[in-house]
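Engineer: The structure follows.
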Amino acid sequence: MRWSPARGTEHPGTLAVRTLGSAGPPIVLLHGLPSSGRFWGADYDALAASGRLVVPDLLGFGRSPRPTGGYGPDEHADAVAATLRGATVGNAPALVVGHSVGALVALRLAVRHPSLVAGVIGFGPPIYRDYSEARHHLAHLGPLARLFGLDTRWAELACTLLCQHHRRTAARLAARLRPDLPAALSADAVEHSWESFSETLARVVLAADAARWLDQIDVPVRVIAGSDDPLADIPFLEELAQRHAGLDLAVWPDAGHDLPLTDPTACRAEIEHVLAHVATRDAA
């Protein structure tokens, strides 16, 4: 993985957010679970030459506020909408890019706040046919993922003990479990509360019906999944792409789940391509 810290100005508010650039349409980058806006490193700073880059920490993660509850798809989308309205991006709708859970938040934002969204790009979105299929995919991620994703009793004890009371120990443990990640991103993996992690997983991934949201979205949606991504239900994504004219699907061979980290050049090129398409469509 190639990653280095990004530039920009940090702002507190509804969500902690980093901005870069001053002219052009807004480009919003939403991270996955568990992570923070630092996931989108310096490779994505070049996007600020084309528009106003807005990179928040999702509600309950990173440096954003952590309320005791309220981490469903609507709450996450509303928090991003409030952040966009306060980020001096003007009246132009944004191209909203999300990785994993961030892709689901981007879709929900397009449903609840359509005037703010010009298009959506989702890298590795966990979109499933139903609750049982969602659990099936999480169960194939290994014992640790099953613990924190499905066995809530022990996961709550572990998260409360480590993430909330022994964060340095938790960060070192996270680095050992994911030695492929840069140290800063491993540390961010424990910057959350049990409520923000568990409720987001349960309500945004396991219980939300993201497939039906596509029926309510009128802007272009580009979905990119790796052929080796254990979280991606590629047959179902292909089915959705056939049902929805506005959904464009690409499956990258021999690629996994963390596409924006493993191939940032190709991901940035996708963002720039869709941004140009959206600008041409709006001009017409």
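Following the order of the structure tokens, chains are lettered A, B, ..., residues in each are numbered from 1, and ligands are numbered from 1.
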Write out as a VMD selection string each polymer residue whose atoms come within 8 Å of stretch 232-234 of chain A, counting only C-alpha atoms; drop sequence neighbours fewer than 5 positions from it.

Structural biologist: chain A and resid 124 to 128 137 225 to 227 251 257

Engineer: Selected residues, N, CA and C atoms, written as a short mmCIF file (atom, residue, chain, number, x, y, z; two decimals), in the first residue's frame, please.

Structural biologist:
data_model
loop_
_atom_site.label_atom_id
_atom_site.label_comp_id
_atom_site.auth_asym_id
_atom_site.auth_seq_id
_atom_site.Cartn_x
_atom_site.Cartn_y
_atom_site.Cartn_z
N GLY A 124 -16.12 -0.81 -3.37
CA GLY A 124 -16.36 -1.95 -2.48
C GLY A 124 -17.56 -1.79 -1.58
N PRO A 125 -18.73 -1.37 -2.10
CA PRO A 125 -19.88 -1.18 -1.20
C PRO A 125 -20.46 -2.51 -0.73
N PRO A 126 -20.72 -2.66 0.56
CA PRO A 126 -21.33 -3.88 1.09
C PRO A 126 -22.86 -3.85 0.92
N ILE A 127 -23.31 -4.09 -0.32
CA ILE A 127 -24.74 -4.09 -0.63
C ILE A 127 -25.19 -5.53 -0.80
N TYR A 128 -26.22 -5.94 -0.04
CA TYR A 128 -26.64 -7.33 -0.04
C TYR A 128 -28.14 -7.45 -0.28
N HIS A 137 -21.62 -12.82 4.42
CA HIS A 137 -20.38 -12.22 3.94
C HIS A 137 -19.47 -11.81 5.10
N ALA A 225 -15.85 -2.72 -7.66
CA ALA A 225 -15.57 -3.78 -6.69
C ALA A 225 -14.40 -4.62 -7.19
N GLY A 226 -13.61 -5.12 -6.25
CA GLY A 226 -12.52 -6.02 -6.60
C GLY A 226 -13.03 -7.44 -6.72
N SER A 227 -12.50 -8.19 -7.67
CA SER A 227 -12.96 -9.57 -7.87
C SER A 227 -12.64 -10.45 -6.67
N VAL A 251 -15.86 -4.35 -12.26
CA VAL A 251 -15.21 -5.31 -11.38
C VAL A 251 -13.74 -5.39 -11.79
N HIS A 257 -10.56 -5.51 -1.12
CA HIS A 257 -11.54 -4.57 -0.60
C HIS A 257 -11.01 -3.15 -0.49
#

Engineer: Skip A:Arg52 itself and residues of its chain fewer than 5 positions away, then list as a list of chain:residue names all residues within 10 Å of it, counting only C-alpha atoms.

Structural biologist: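 So, after excluding close chain neighbours, the residues are A:Thr19, A:Leu20, A:Gly21, A:Ser22, A:Ala23, A:Gly24, A:Pro25, A:Pro26, A:Ile27, A:Val28, A:Leu47, A:Ala87, A:Thr88, A:Val89, A:Gly90, A:Ala94.
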
Engineer: Which residues, written as an NGL selection string, have at least one atom at most 10 Å from A:Gly13, with only C-alpha atoms counted and residues fewer than 6 positions away on the same chain left out?

Structural biologist: :A and (64-65 or 79 or 82-83 or 86-87)

Engineer: Record the distance separating atom CA of A:Glu133 and atom CA of A:Arg178, expressed in Å with one decimal.

Structural biologist: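 Result for atom CA of A:Glu133 versus atom CA of A:Arg178: 25.6 Å, one decimal.
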
Engineer: Residues within 12 Å of A:Val223, please, as a VMD selection string. Count only C-alpha atoms; anything in the same chain fewer than 3 positions from it doesn't count.

Structural biologist: chain A and resid 96 to 100 103 to 104 106 to 107 119 to 127 214 220 226 232 to 234 237 to 238 240 to 241 246 to 252 259 267 270 to 271 274

Engineer: Extract, using only C-alpha atoms, all DNA, RNA and protein residues at most 9 Å from A:Asp130, discarding same-chain residues fewer than 6 positions from it, and format them as a ChimeraX atom specification.

Structural biologist: /A:206-209

Engineer: For those residues, write N, CA and C atoms to a file as a CSV table (one decimal), in the first residue's frame.

Structural biologist:
chain,number,residue,atom,x,y,z
A,206,LEU,N,-26.0,-4.3,8.0
A,206,LEU,CA,-26.8,-5.5,8.2
A,206,LEU,C,-28.2,-5.3,7.9
A,207,ALA,N,-28.8,-4.2,8.4
A,207,ALA,CA,-30.3,-4.1,8.4
A,207,ALA,C,-30.7,-3.1,7.3
A,208,ALA,N,-29.9,-2.2,6.8
A,208,ALA,CA,-30.3,-1.3,5.8
A,208,ALA,C,-30.5,-1.9,4.4
A,209,ASP,N,-31.5,-1.4,3.7
A,209,ASP,CA,-31.8,-2.0,2.4
A,209,ASP,C,-31.3,-1.1,1.3

Engineer: One number please: atom CA of A:Gly32 to atom CA of A:Ala81, in Å, one decimal.

Structural biologist: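 Between these atoms lies a distance of 17.3 Å.
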
Engineer: Within 7 Å of A:Leu261, counting only C-alpha atoms, which residues qualify if same-chain residues fewer than 6 places away don't, as JSON, numbers by chain?

Structural biologist: {"A": [1, 2, 3]}

Engineer: Can you work out the spacing between atom CA of A:Leu29 and atom CA of A:Leu53 in Å, to one decimal?

Structural biologist: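 Here the two named atoms are 7.8 Å from each other.
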
Engineer: Residues near stretch 6-9 of chain A, anyone? I mean within 10 Å using only C-alpha atoms, not counting same-chain ones fewer than 6 positions away, as number ranges by chain.

Structural biologist: A: 17-21, 37-45, 48, 53-55

Engineer: Could you dump the residues just selected with C-alpha atoms as a PDB file, in the first residue's frame?

Structural biologist:
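Generated output (selection03.pdb):
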ATOM      1  CA  VAL A  17     -13.662  17.683   8.344  1.00  0.00           C
ATOM      2  CA  ARG A  18     -10.619  18.481   6.240  1.00  0.00           C
ATOM      3  CA  THR A  19     -10.927  20.771   3.217  1.00  0.00           C
ATOM      4  CA  LEU A  20      -8.530  21.522   0.401  1.00  0.00           C
ATOM      5  CA  GLY A  21      -8.917  23.716  -2.683  1.00  0.00           C
ATOM      6  CA  GLY A  37     -10.916  10.706   6.862  1.00  0.00           C
ATOM      7  CA  ARG A  38      -7.157  10.110   7.026  1.00  0.00           C
ATOM      8  CA  PHE A  39      -7.840   6.983   4.954  1.00  0.00           C
ATOM      9  CA  TRP A  40      -7.855   9.284   1.905  1.00  0.00           C
ATOM     10  CA  GLY A  41      -4.168  10.175   1.862  1.00  0.00           C
ATOM     11  CA  ALA A  42      -1.992  12.505  -0.171  1.00  0.00           C
ATOM     12  CA  ASP A  43      -2.689  10.692  -3.456  1.00  0.00           C
ATOM     13  CA  TYR A  44      -6.142  12.280  -3.425  1.00  0.00           C
ATOM     14  CA  ASP A  45      -4.944  15.850  -2.784  1.00  0.00           C
ATOM     15  CA  ALA A  48      -8.385  19.741  -5.188  1.00  0.00           C
ATOM     16  CA  LEU A  53     -12.159  18.659  -1.529  1.00  0.00           C
ATOM     17  CA  VAL A  54     -14.231  17.845   1.576  1.00  0.00           C
ATOM     18  CA  VAL A  55     -13.082  14.876   3.688  1.00  0.00           C
TER      19      VAL A  55
END

Engineer: Check the smallest atom-to-atom distance from each of A:Phe197, A:Ala202, A:Ile224, A:Gly256 to A:Thr68 using only C-alpha atoms, then report the winner.

Structural biologist: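 Checking each of A:Phe197, A:Ala202, A:Ile224, A:Gly256 against A:Thr68, counting only C-alpha atoms, the winner is A:Phe197.
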